[in-house]
>>> print(open('model.pdb').read())   # PDB, C-alpha atoms and all ligand atoms
MODEL        1
ATOM      1  CA  MET K1155       0.000   0.000   0.000
ATOM      2  CA  LYS K1156       1.371   3.406  -0.951
ATOM      3  CA  ALA K1157       1.392   6.193   1.640
ATOM      4  CA  LYS K1158      -1.444   7.991  -0.212
ATOM      5  CA  LYS K1159      -3.843   5.092   0.222
ATOM      6  CA  ARG K1160      -2.764   4.633   3.829
ATOM      7  CA  LEU K1161      -4.009   8.127   4.721
ATOM      8  CA  PHE K1162      -7.675   7.312   3.997
ATOM      9  CA  ILE K1163      -7.442   3.854   5.552
ATOM     10  CA  GLY K1164      -5.675   5.365   8.584
ATOM     11  CA  LEU K1165      -8.369   8.005   9.076
ATOM     12  CA  LEU K1166     -11.085   5.364   8.797
ATOM     13  CA  SER K1167      -9.244   3.290  11.401
ATOM     14  CA  VAL K1168      -9.187   6.304  13.745
ATOM     15  CA  ALA K1169     -12.932   6.774  13.073
ATOM     16  CA  PHE K1170     -13.474   3.095  13.914
ATOM     17  CA  CYS K1171     -11.608   3.453  17.226
ATOM     18  CA  ILE K1172     -13.676   6.540  18.140
ATOM     19  CA  ILE K1173     -16.941   4.765  17.256
ATOM     20  CA  LEU K1174     -15.804   1.743  19.280
ATOM     21  CA  ILE K1175     -15.071   3.873  22.348
ATOM     22  CA  ILE K1176     -18.405   5.745  22.088
ATOM     23  CA  THR K1177     -20.253   2.429  21.645
ATOM     24  CA  ALA K1178     -18.516   0.889  24.673
ATOM     25  CA  VAL K1179     -19.314   3.935  26.831
ATOM     26  CA  LEU K1180     -22.960   3.949  25.689
ATOM     27  CA  TRP K1181     -23.447   0.236  26.417
ATOM     28  CA  TYR K1182     -21.698   0.611  29.767
ATOM     29  CA  ILE K1183     -24.127   3.397  30.748
ATOM     30  CA  ILE K1184     -27.135   1.385  29.490
ATOM     31  CA  THR K1185     -26.164  -1.845  31.280
ATOM     32  CA  SER K1186     -25.268  -0.061  34.524
ATOM     33  CA  GLY K1187     -28.964   0.770  34.984
ATOM     34  CA  TYR K1188     -28.903   4.467  34.095
ATOM     35  CA  ARG K1189     -32.613   5.386  33.887
ATOM     36  CA  LEU K1190     -32.712   8.857  32.329
ATOM     37  CA  SER K1191     -33.375   8.835  28.578
ATOM     38  CA  GLU K1192     -32.852   5.080  28.483
ATOM     39  CA  ASN K1193     -34.565   4.736  25.091
ATOM     40  CA  ILE K1194     -32.412   7.411  23.492
ATOM     41  CA  LEU K1195     -29.286   5.802  24.893
ATOM     42  CA  SER K1196     -30.352   2.389  23.584
ATOM     43  CA  ILE K1197     -31.044   3.809  20.099
ATOM     44  CA  LEU K1198     -27.655   5.540  20.105
ATOM     45  CA  GLY K1199     -25.979   2.357  21.337
ATOM     46  CA  ILE K1200     -27.538   0.306  18.516
ATOM     47  CA  LEU K1201     -26.738   3.014  15.925
ATOM     48  CA  PHE K1202     -23.069   3.230  16.919
ATOM     49  CA  SER K1203     -22.810  -0.588  17.083
ATOM     50  CA  ILE K1204     -24.113  -0.846  13.488
ATOM     51  CA  MET K1205     -21.750   1.925  12.324
ATOM     52  CA  GLY K1206     -18.795   0.228  14.008
ATOM     53  CA  PHE K1207     -19.721  -3.152  12.534
ATOM     54  CA  LEU K1208     -20.087  -1.783   8.985
ATOM     55  CA  LEU K1209     -16.837   0.159   9.228
ATOM     56  CA  ALA K1210     -14.976  -2.877  10.571
ATOM     57  CA  ILE K1211     -16.245  -5.023   7.671
ATOM     58  CA  GLY K1212     -15.373  -2.267   5.174
ATOM     59  CA  LEU K1213     -11.877  -1.827   6.605
ATOM     60  CA  ILE K1214     -11.086  -5.557   6.712
ATOM     61  CA  LEU K1215     -12.342  -6.187   3.158
ATOM     62  CA  THR K1216     -10.619  -3.064   1.777
ATOM     63  CA  SER K1217      -7.285  -3.970   3.358
ATOM     64  CA  LEU K1218      -7.533  -7.563   2.083
ATOM     65  CA  THR K1219      -8.431  -6.364  -1.431
ATOM     66  CA  LEU K1220      -5.573  -3.840  -1.486
ATOM     67  CA  ILE K1221      -3.065  -6.393  -0.227
ATOM     68  CA  THR K1222      -4.145  -9.319  -2.435
ATOM     69  CA  GLN K1223      -5.271  -7.084  -5.367
ATOM     70  CA  ARG K1224      -8.242  -9.413  -5.814
ATOM     71  CA  ASN K1225     -11.960  -8.745  -5.597
ATOM     72  CA  ILE K1226     -12.563 -10.790  -2.453
ATOM     73  CA  GLY K1227     -15.933 -12.542  -2.569
ATOM     74  CA  ALA K1228     -17.029 -10.159  -5.354
ATOM     75  CA  CYS K1229     -17.991  -7.685  -2.640
ATOM     76  CA  ASN K1230     -16.470  -4.503  -4.057
ATOM     77  CA  GLY K1231     -19.986  -3.022  -4.192
ATOM     78  CA  ILE K1232     -20.380  -3.392  -0.412
ATOM     79  CA  ILE K1233     -16.874  -2.072   0.238
ATOM     80  CA  ASN K1234     -17.432   0.943  -2.009
ATOM     81  CA  SER K1235     -20.753   1.737  -0.326
ATOM     82  CA  VAL K1236     -19.144   1.632   3.126
ATOM     83  CA  LEU K1237     -16.149   3.740   2.015
ATOM     84  CA  ARG K1238     -18.371   6.304   0.332
ATOM     85  CA  ALA K1239     -20.619   6.524   3.398
ATOM     86  CA  PHE K1240     -17.664   7.150   5.726
ATOM     87  CA  LEU K1241     -15.766   9.554   3.425
ATOM     88  CA  PRO K1242     -17.289  12.697   5.049
ATOM     89  CA  LEU K1243     -16.204  11.409   8.468
ATOM     90  CA  ALA K1244     -12.654  10.808   7.167
ATOM     91  CA  VAL K1245     -12.571  14.358   5.698
ATOM     92  CA  PHE K1246     -13.838  15.748   9.024
ATOM     93  CA  LEU K1247     -11.183  13.839  10.987
ATOM     94  CA  GLY K1248      -8.516  14.923   8.485
ATOM     95  CA  ARG K1249      -9.421  18.568   9.096
ATOM     96  CA  PHE K1250      -9.234  17.924  12.839
ATOM     97  CA  PHE K1251      -5.651  16.672  12.345
ATOM     98  CA  GLY K1252      -4.816  19.591  10.024
ATOM     99  CA  ILE K1253      -4.813  17.494   6.830
ATOM    100  CA  ASP K1254      -6.046  19.203   3.681
ATOM    101  CA  LYS K1255      -9.407  17.790   2.561
ATOM    102  CA  ASP K1256      -8.173  17.367  -1.028
ATOM    103  CA  LYS K1257      -5.405  15.147   0.326
ATOM    104  CA  VAL K1258      -8.001  12.930   2.045
ATOM    105  CA  ARG K1259     -10.190  12.901  -1.065
ATOM    106  CA  GLY K1260      -7.121  12.093  -3.218
ATOM    107  CA  SER K1261      -6.391   9.168  -0.924
ATOM    108  CA  PHE K1262     -10.011   7.974  -1.211
ATOM    109  CA  ILE K1263      -9.696   8.120  -5.036
ATOM    110  CA  GLU K1264      -6.490   6.044  -4.884
ATOM    111  CA  VAL K1265      -8.224   3.412  -2.726
ATOM    112  CA  HIS K1266     -11.295   3.440  -4.966
ATOM    113  CA  ASN K1267      -9.131   3.051  -8.124
ATOM    114  CA  GLN K1268      -7.305   0.146  -6.539
ATOM    115  CA  LEU K1269     -10.604  -1.568  -5.749
ATOM    116  CA  ILE K1270     -11.713  -1.115  -9.383
ATOM    117  CA  HIS K1271      -8.363  -2.599 -10.475
ATOM    118  CA  SER K1272      -9.216  -5.774  -8.584
ATOM    119  CA  GLU K1273     -12.158  -6.393 -10.933
ATOM    120  CA  GLU K1274     -11.780  -8.578 -13.995
ATOM    121  CA  LYS K1275     -14.548  -7.339 -16.276
ATOM    122  CA  LYS K1276     -13.484  -6.379 -19.812
ATOM    123  CA  VAL K1277     -15.275  -3.442 -21.446
ATOM    124  CA  LYS K1278     -15.752  -2.748 -25.158
ATOM    125  CA  PRO K1279     -14.165   0.522 -26.380
ATOM    126  CA  GLU K1280     -17.511   2.018 -27.435
ATOM    127  CA  LYS K1281     -18.836   1.403 -23.903
ATOM    128  CA  ILE K1282     -16.041   3.415 -22.270
ATOM    129  CA  LEU K1283     -16.645   7.085 -21.554
ATOM    130  CA  LEU K1284     -13.700   9.399 -20.990
ATOM    131  CA  LEU K1285     -15.147  12.318 -19.033
ATOM    132  CA  VAL K1286     -13.113  15.491 -19.302
ATOM    133  CA  PRO K1287     -13.668  18.737 -17.384
ATOM    134  CA  HIS K1288     -14.215  21.867 -19.444
ATOM    135  CA  CYS K1289     -11.384  23.643 -17.590
ATOM    136  CA  ILE K1290      -8.869  21.498 -19.499
ATOM    137  CA  GLN K1291      -9.663  23.527 -22.636
ATOM    138  CA  TRP K1292      -7.291  26.476 -23.153
ATOM    139  CA  SER K1293      -9.140  29.530 -21.759
ATOM    140  CA  GLY K1294      -8.433  31.538 -24.933
ATOM    141  CA  CYS K1295      -9.859  28.916 -27.297
ATOM    142  CA  PRO K1296     -12.836  30.231 -29.302
ATOM    143  CA  TYR K1297     -14.314  26.815 -30.117
ATOM    144  CA  LYS K1298     -17.221  25.349 -28.156
ATOM    145  CA  ILE K1299     -16.410  21.749 -27.312
ATOM    146  CA  THR K1300     -18.864  20.916 -24.513
ATOM    147  CA  ILE K1301     -21.635  19.913 -26.919
ATOM    148  CA  LYS K1302     -19.320  18.534 -29.601
ATOM    149  CA  PRO K1303     -15.684  17.794 -28.635
ATOM    150  CA  ASP K1304     -14.821  17.395 -32.337
ATOM    151  CA  ASN K1305     -15.211  21.165 -32.714
ATOM    152  CA  CYS K1306     -11.645  21.253 -31.370
ATOM    153  CA  ARG K1307      -9.176  22.144 -34.164
ATOM    154  CA  ARG K1308      -6.437  20.125 -32.484
ATOM    155  CA  CYS K1309      -4.038  23.048 -32.423
ATOM    156  CA  GLY K1310      -2.123  21.496 -29.499
ATOM    157  CA  LYS K1311      -2.547  24.424 -27.087
ATOM    158  CA  CYS K1312      -4.329  22.199 -24.550
ATOM    159  CA  LEU K1313      -4.798  18.532 -23.667
ATOM    160  CA  ILE K1314      -8.104  18.262 -25.568
ATOM    161  CA  CYS K1315      -6.037  17.688 -28.706
ATOM    162  CA  GLU K1316      -4.278  14.638 -27.185
ATOM    163  CA  ILE K1317      -7.548  13.364 -25.718
ATOM    164  CA  LEU K1318      -9.165  13.392 -29.157
ATOM    165  CA  PHE K1319      -6.199  11.451 -30.553
ATOM    166  CA  LEU K1320      -6.840   8.881 -27.782
ATOM    167  CA  LYS K1321     -10.516   8.776 -28.801
ATOM    168  CA  ASP K1322      -9.509   8.016 -32.424
ATOM    169  CA  GLU K1323      -6.893   5.477 -31.381
ATOM    170  CA  TYR K1324      -9.127   3.477 -29.014
ATOM    171  CA  GLY K1325     -12.623   4.138 -30.423
ATOM    172  CA  ILE K1326     -13.917   5.277 -27.024
ATOM    173  CA  ASN K1327     -16.420   8.035 -26.252
ATOM    174  CA  VAL K1328     -15.245  11.413 -25.011
ATOM    175  CA  GLY K1329     -17.478  13.860 -23.181
ATOM    176  CA  VAL K1330     -16.514  17.345 -22.048
ATOM    177  CA  ALA K1331     -18.539  18.550 -19.071
ATOM    178  CA  SER K1332     -18.604  21.964 -17.466
ATOM    179  CA  GLY K1333     -20.146  20.627 -14.265
ATOM    180  CA  GLY K1334     -21.699  17.735 -12.405
ATOM    181  CA  SER K1335     -25.144  17.985 -14.015
ATOM    182  CA  GLN K1336     -23.669  17.967 -17.517
ATOM    183  CA  ALA K1337     -21.513  14.970 -16.593
ATOM    184  CA  ARG K1338     -24.596  13.133 -15.291
ATOM    185  CA  ARG K1339     -26.462  13.989 -18.515
ATOM    186  CA  LEU K1340     -23.591  12.559 -20.607
ATOM    187  CA  VAL K1341     -23.629   9.348 -18.583
ATOM    188  CA  LYS K1342     -27.405   9.076 -19.034
ATOM    189  CA  GLU K1343     -27.169   9.676 -22.789
ATOM    190  CA  LEU K1344     -24.155   7.515 -23.618
ATOM    191  CA  LYS K1345     -24.936   4.686 -21.159
ATOM    192  CA  PRO K1346     -21.308   3.583 -20.699
ATOM    193  CA  ASP K1347     -20.241   0.366 -18.956
ATOM    194  CA  ALA K1348     -17.140   2.062 -17.523
ATOM    195  CA  ILE K1349     -15.908   5.608 -17.014
ATOM    196  CA  VAL K1350     -12.472   7.189 -16.925
ATOM    197  CA  ALA K1351     -12.998  10.552 -15.269
ATOM    198  CA  ILE K1352     -10.566  13.450 -15.119
ATOM    199  CA  ALA K1353     -11.360  16.092 -12.498
ATOM    200  CA  CYS K1354     -10.219  17.731  -9.286
ATOM    201  CA  GLU K1355     -10.421  15.723  -6.058
ATOM    202  CA  ARG K1356     -13.740  17.290  -5.012
ATOM    203  CA  ASP K1357     -15.515  16.673  -8.338
ATOM    204  CA  LEU K1358     -14.074  13.170  -8.648
ATOM    205  CA  THR K1359     -15.271  12.083  -5.220
ATOM    206  CA  SER K1360     -18.772  13.455  -5.817
ATOM    207  CA  GLY K1361     -18.796  11.946  -9.333
ATOM    208  CA  ILE K1362     -17.785   8.533  -7.991
ATOM    209  CA  GLN K1363     -20.638   8.792  -5.483
ATOM    210  CA  ASP K1364     -23.115   9.862  -8.185
ATOM    211  CA  VAL K1365     -22.501   6.888 -10.461
ATOM    212  CA  SER K1366     -22.070   4.200  -7.831
ATOM    213  CA  SER K1367     -23.430   1.494 -10.168
ATOM    214  CA  LEU K1368     -20.599   1.948 -12.699
ATOM    215  CA  PRO K1369     -16.878   1.296 -12.410
ATOM    216  CA  VAL K1370     -15.095   4.651 -12.459
ATOM    217  CA  LEU K1371     -11.345   5.162 -12.611
ATOM    218  CA  GLY K1372     -10.414   8.649 -11.503
ATOM    219  CA  VAL K1373      -7.465  10.687 -12.749
ATOM    220  CA  VAL K1374      -6.852  13.784 -10.629
ATOM    221  CA  ASN K1375      -6.145  16.823 -12.793
ATOM    222  CA  GLU K1376      -3.147  19.148 -12.512
ATOM    223  CA  ARG K1377      -3.780  22.848 -11.847
ATOM    224  CA  PRO K1378      -0.640  24.806 -12.784
ATOM    225  CA  GLU K1379      -2.605  28.101 -12.965
ATOM    226  CA  GLY K1380      -4.923  27.378 -10.028
ATOM    227  CA  PRO K1381      -8.325  25.693  -9.940
ATOM    228  CA  CYS K1382     -10.719  25.638 -12.893
ATOM    229  CA  ILE K1383      -8.469  27.328 -15.485
ATOM    230  CA  ASN K1384      -6.105  25.827 -18.054
ATOM    231  CA  THR K1385      -5.883  22.575 -16.138
ATOM    232  CA  THR K1386      -4.213  19.477 -17.519
ATOM    233  CA  ALA K1387      -3.713  15.802 -16.618
ATOM    234  CA  ASP K1388      -1.191  13.003 -16.909
ATOM    235  CA  LEU K1389      -1.853  11.440 -20.334
ATOM    236  CA  GLU K1390      -0.064   8.237 -19.303
ATOM    237  CA  LYS K1391      -2.448   7.746 -16.369
ATOM    238  CA  ILE K1392      -5.437   8.297 -18.673
ATOM    239  CA  ARG K1393      -4.041   5.758 -21.120
ATOM    240  CA  GLU K1394      -3.393   3.246 -18.308
ATOM    241  CA  ALA K1395      -7.002   3.610 -17.100
ATOM    242  CA  ILE K1396      -8.401   2.995 -20.613
ATOM    243  CA  ASP K1397      -6.024   0.052 -21.110
ATOM    244  CA  PHE K1398      -7.236  -1.423 -17.832
ATOM    245  CA  PHE K1399     -10.890  -1.462 -18.905
ATOM    246  CA  LEU K1400      -9.945  -2.818 -22.353
ATOM    247  CA  LYS K1401      -7.641  -5.350 -20.641
ATOM    248  CA  ILE K1402      -4.800  -4.318 -22.939
ATOM    249  CA  GLY K1403      -1.520  -5.758 -21.724
ATOM    250  CA  ASP K1404      -3.178  -8.578 -19.744
ATOM    251  CA  SER K1405      -1.859 -11.997 -20.458
TER
HETATM  252  S1  LIG C1501      -6.480  21.917 -28.727
HETATM  253 FE1  LIG C1501      -8.623  22.260 -29.332
HETATM  254  S2  LIG C1501      -9.644  22.922 -27.494
HETATM  255 FE2  LIG C1501      -7.454  23.155 -27.121
HETATM  256  S3  LIG C1501      -7.025  25.288 -27.703
HETATM  257 FE3  LIG C1501      -6.655  24.026 -29.509
HETATM  258  S4  LIG C1501      -8.576  24.045 -30.632
HETATM  259 FE4  LIG C1501      -9.021  24.760 -28.576
ENDMDL
END
>>> encode(input="model.pdb", output="structure tokens", more="lines below")
Ligand code: SF4
Amino acid sequence: MKAKKRLFIGLLSVAFCIILIITAVLWYIITSGYRLSENILSILGILFSIMGFLLAIGLILTSLTLITQRNIGACNGIINSVLRAFLPLAVFLGRFFGIDKDKVRGSFIEVHNQLIHSEEKKVKPEKILLLVPHCIQWSGCPYKITIKPDNCRRCGKCLICEILFLKDEYGINVGVASGGSQARRLVKELKPDAIVAIACERDLTSGIQDVSSLPVLGVVNERPEGPCINTTADLEKIREAIDFFLKIGDS
């Protein structure tokens, strides 16, 4: 496990310990015959017990999947649901420890990508959607590419040019979205079986949560001029993600 993945898993482990302590205290109070608000205490005790149980299962299965790099018991869906549910708690704890929330989200994306990598399913090129954020387009470009990416003249001033070459090379779909609702609309229209999404940590984590039924590999963008303007991304990582879904390079 790389250090980046360990951050999210570590924060979830801290969350588990806190939940465990709260649960133990609650059950101690309940069983020691404390009368006031007994029902509320019992409800809280049950709630924290369930949370602790789910988190423990999620943590054990995630760690086993990351270590073995196999989809253990085909339960990636359960693991992903648990991880997504506890992401806000991990971000909250990260802030408490002075860790930037994008760092926590980046770690979540790494863990999520690794879980997707443990799946075997091969996807046809035409069923892969490469989702690109509009901010990757050069800010001075006069061509509108959100409706039709092929409006790009491939002048080479931004990564859109290279992305369209990838589209031609692989035969995949490319969608350029200026926000979450446009991305959701593209997914609804194109009905992909797998998505490679380029975005910032915040948009990637919310996008992964939005399309929980589909495998999504996230590539975090690079922001040399700050957020949302003239962004770019590692083309090799994009290529690796597409190759993974197409199972190119697998023996
Ligand atoms: S590569 Fe395409 S989108 Fe980028 S600046 Fe040139 S024409 Fe515009």
>>> residues_around(input="model.pdb", residues="K:Gly1361", least_positions_apart="2", cutoff="9 Å", atoms="all atoms listed in the file", output="ChimeraX atom specification")
/K:1334,1337-1338,1351,1356-1359,1363-1366,1370
>>> write_last_selection(input="model.pdb", atoms="C-alpha atoms", output="compact mmCIF listing (two decimals), in the frame of the given file")
# COMPACT_ATOMS: atom_id res chain seq x y z
CA GLY K 1334 -21.70 17.74 -12.40
CA ALA K 1337 -21.51 14.97 -16.59
CA ARG K 1338 -24.60 13.13 -15.29
CA ALA K 1351 -13.00 10.55 -15.27
CA ARG K 1356 -13.74 17.29 -5.01
CA ASP K 1357 -15.52 16.67 -8.34
CA LEU K 1358 -14.07 13.17 -8.65
CA THR K 1359 -15.27 12.08 -5.22
CA GLN K 1363 -20.64 8.79 -5.48
CA ASP K 1364 -23.12 9.86 -8.18
CA VAL K 1365 -22.50 6.89 -10.46
CA SER K 1366 -22.07 4.20 -7.83
CA VAL K 1370 -15.10 4.65 -12.46
>>> resolve_selection(input="model.pdb", expression="the PyMOL selection byres (((not hetatm)) within 12 of (chain C and resi 1501))", output="PyMOL selection string")
chain K and resi 1286-1300+1302-1319+1330+1384-1386
>>> atom_distance(input="model.pdb", atom1="atom CA of K:Ile1214", atom2="atom CA of K:Tyr1182")
26.1 Å
>>> atom_distance(input="model.pdb", atom1="atom CA of K:Leu1198", atom2="atom CA of K:Leu1241")
20.9 Å
>>> residues_around(input="model.pdb", residues="K:Cys1229", least_positions_apart="4", cutoff="10 Å", atoms="all atoms listed in the file", output="mmCIF file with C-alpha atoms, keeping the file's coordinate frame")
data_model
loop_
_atom_site.group_PDB
_atom_site.id
_atom_site.type_symbol
_atom_site.label_atom_id
_atom_site.label_comp_id
_atom_site.auth_asym_id
_atom_site.auth_seq_id
_atom_site.Cartn_x
_atom_site.Cartn_y
_atom_site.Cartn_z
ATOM 1 C CA GLY K 1212 -15.373 -2.267 5.174
ATOM 2 C CA LEU K 1215 -12.342 -6.187 3.158
ATOM 3 C CA THR K 1216 -10.619 -3.064 1.777
ATOM 4 C CA THR K 1219 -8.431 -6.364 -1.431
ATOM 5 C CA ASN K 1225 -11.960 -8.745 -5.597
ATOM 6 C CA ILE K 1233 -16.874 -2.072 0.238
ATOM 7 C CA ASN K 1234 -17.432 0.943 -2.009
#
>>> closest_residue(input="model.pdb", among="K:Val1168, K:Ala1178, K:Leu1389, K:Ile1396", to="K:Gly1248", atoms="all atoms listed in the file")
K:Val1168
>>> atom_distance(input="model.pdb", atom1="atom CA of K:Ile1172", atom2="atom CA of K:Ile1221")
24.8 Å
>>> resolve_selection(input="model.pdb", expression="the PyMOL selection byres (((chain K and resi 1230) around 12) and not hetatm)", output="short mmCIF file (atom, residue, chain, number, x, y, z; two decimals) with C-alpha atoms, keeping the file's coordinate frame")
data_model
loop_
_atom_site.label_atom_id
_atom_site.label_comp_id
_atom_site.auth_asym_id
_atom_site.auth_seq_id
_atom_site.Cartn_x
_atom_site.Cartn_y
_atom_site.Cartn_z
CA ILE K 1211 -16.24 -5.02 7.67
CA GLY K 1212 -15.37 -2.27 5.17
CA LEU K 1213 -11.88 -1.83 6.60
CA LEU K 1215 -12.34 -6.19 3.16
CA THR K 1216 -10.62 -3.06 1.78
CA SER K 1217 -7.28 -3.97 3.36
CA LEU K 1218 -7.53 -7.56 2.08
CA THR K 1219 -8.43 -6.36 -1.43
CA LEU K 1220 -5.57 -3.84 -1.49
CA GLN K 1223 -5.27 -7.08 -5.37
CA ARG K 1224 -8.24 -9.41 -5.81
CA ASN K 1225 -11.96 -8.74 -5.60
CA ILE K 1226 -12.56 -10.79 -2.45
CA GLY K 1227 -15.93 -12.54 -2.57
CA ALA K 1228 -17.03 -10.16 -5.35
CA CYS K 1229 -17.99 -7.68 -2.64
CA GLY K 1231 -19.99 -3.02 -4.19
CA ILE K 1232 -20.38 -3.39 -0.41
CA ILE K 1233 -16.87 -2.07 0.24
CA ASN K 1234 -17.43 0.94 -2.01
CA SER K 1235 -20.75 1.74 -0.33
CA VAL K 1236 -19.14 1.63 3.13
CA LEU K 1237 -16.15 3.74 2.02
CA ARG K 1238 -18.37 6.30 0.33
CA VAL K 1265 -8.22 3.41 -2.73
CA HIS K 1266 -11.30 3.44 -4.97
CA ASN K 1267 -9.13 3.05 -8.12
CA GLN K 1268 -7.30 0.15 -6.54
CA LEU K 1269 -10.60 -1.57 -5.75
CA ILE K 1270 -11.71 -1.12 -9.38
CA HIS K 1271 -8.36 -2.60 -10.48
CA SER K 1272 -9.22 -5.77 -8.58
CA GLU K 1273 -12.16 -6.39 -10.93
CA GLU K 1274 -11.78 -8.58 -14.00
CA SER K 1366 -22.07 4.20 -7.83
CA SER K 1367 -23.43 1.49 -10.17
CA LEU K 1368 -20.60 1.95 -12.70
CA PRO K 1369 -16.88 1.30 -12.41
#
>>> closest_residue(input="model.pdb", among="K:Gly1187, K:Gly1164, K:Gly1199, K:Pro1279", to="K:Ala1244", atoms="all atoms listed in the file")
K:Gly1164
>>> build_atoms(input="model.pdb", residues="stretch 1351-1369 of chain K", atoms="N, CA and C atoms", output="PDB file, in the frame of the given file")
ATOM      1  N   ALA K1351     -12.634   9.158 -15.540  1.00  0.00           N
ATOM      2  CA  ALA K1351     -12.998  10.552 -15.269  1.00  0.00           C
ATOM      3  C   ALA K1351     -11.783  11.357 -14.847  1.00  0.00           C
ATOM      4  N   ILE K1352     -11.631  12.514 -15.505  1.00  0.00           N
ATOM      5  CA  ILE K1352     -10.566  13.450 -15.119  1.00  0.00           C
ATOM      6  C   ILE K1352     -11.255  14.602 -14.394  1.00  0.00           C
ATOM      7  N   ALA K1353     -10.766  14.955 -13.241  1.00  0.00           N
ATOM      8  CA  ALA K1353     -11.360  16.092 -12.498  1.00  0.00           C
ATOM      9  C   ALA K1353     -10.507  16.388 -11.270  1.00  0.00           C
ATOM     10  N   CYS K1354     -10.896  17.434 -10.559  1.00  0.00           N
ATOM     11  CA  CYS K1354     -10.219  17.731  -9.286  1.00  0.00           C
ATOM     12  C   CYS K1354     -10.728  16.733  -8.229  1.00  0.00           C
ATOM     13  N   GLU K1355     -10.083  16.701  -7.102  1.00  0.00           N
ATOM     14  CA  GLU K1355     -10.421  15.723  -6.058  1.00  0.00           C
ATOM     15  C   GLU K1355     -11.885  15.841  -5.639  1.00  0.00           C
ATOM     16  N   ARG K1356     -12.354  17.090  -5.474  1.00  0.00           N
ATOM     17  CA  ARG K1356     -13.740  17.290  -5.012  1.00  0.00           C
ATOM     18  C   ARG K1356     -14.741  16.742  -6.025  1.00  0.00           C
ATOM     19  N   ASP K1357     -14.558  17.122  -7.312  1.00  0.00           N
ATOM     20  CA  ASP K1357     -15.515  16.673  -8.338  1.00  0.00           C
ATOM     21  C   ASP K1357     -15.425  15.169  -8.564  1.00  0.00           C
ATOM     22  N   LEU K1358     -14.218  14.627  -8.444  1.00  0.00           N
ATOM     23  CA  LEU K1358     -14.074  13.170  -8.648  1.00  0.00           C
ATOM     24  C   LEU K1358     -14.792  12.397  -7.551  1.00  0.00           C
ATOM     25  N   THR K1359     -14.616  12.831  -6.306  1.00  0.00           N
ATOM     26  CA  THR K1359     -15.271  12.083  -5.220  1.00  0.00           C
ATOM     27  C   THR K1359     -16.795  12.174  -5.340  1.00  0.00           C
ATOM     28  N   SER K1360     -17.303  13.368  -5.690  1.00  0.00           N
ATOM     29  CA  SER K1360     -18.772  13.455  -5.817  1.00  0.00           C
ATOM     30  C   SER K1360     -19.235  12.694  -7.050  1.00  0.00           C
ATOM     31  N   GLY K1361     -18.437  12.703  -8.129  1.00  0.00           N
ATOM     32  CA  GLY K1361     -18.796  11.946  -9.333  1.00  0.00           C
ATOM     33  C   GLY K1361     -18.821  10.447  -9.068  1.00  0.00           C
ATOM     34  N   ILE K1362     -17.838   9.965  -8.334  1.00  0.00           N
ATOM     35  CA  ILE K1362     -17.785   8.533  -7.991  1.00  0.00           C
ATOM     36  C   ILE K1362     -19.025   8.155  -7.178  1.00  0.00           C
ATOM     37  N   GLN K1363     -19.445   9.069  -6.298  1.00  0.00           N
ATOM     38  CA  GLN K1363     -20.638   8.792  -5.483  1.00  0.00           C
ATOM     39  C   GLN K1363     -21.916   8.841  -6.314  1.00  0.00           C
ATOM     40  N   ASP K1364     -21.921   9.720  -7.324  1.00  0.00           N
ATOM     41  CA  ASP K1364     -23.115   9.862  -8.185  1.00  0.00           C
ATOM     42  C   ASP K1364     -23.380   8.619  -9.022  1.00  0.00           C
ATOM     43  N   VAL K1365     -22.307   8.037  -9.561  1.00  0.00           N
ATOM     44  CA  VAL K1365     -22.501   6.888 -10.461  1.00  0.00           C
ATOM     45  C   VAL K1365     -22.004   5.610  -9.793  1.00  0.00           C
ATOM     46  N   SER K1366     -22.556   5.329  -8.627  1.00  0.00           N
ATOM     47  CA  SER K1366     -22.070   4.200  -7.831  1.00  0.00           C
ATOM     48  C   SER K1366     -22.273   2.848  -8.520  1.00  0.00           C
ATOM     49  N   SER K1367     -23.178   2.787  -9.523  1.00  0.00           N
ATOM     50  CA  SER K1367     -23.430   1.494 -10.168  1.00  0.00           C
ATOM     51  C   SER K1367     -22.398   1.178 -11.250  1.00  0.00           C
ATOM     52  N   LEU K1368     -21.574   2.161 -11.612  1.00  0.00           N
ATOM     53  CA  LEU K1368     -20.599   1.948 -12.699  1.00  0.00           C
ATOM     54  C   LEU K1368     -19.166   1.971 -12.173  1.00  0.00           C
ATOM     55  N   PRO K1369     -18.288   1.174 -12.810  1.00  0.00           N
ATOM     56  CA  PRO K1369     -16.878   1.296 -12.410  1.00  0.00           C
ATOM     57  C   PRO K1369     -16.275   2.599 -12.951  1.00  0.00           C
TER      58      PRO K1369
END
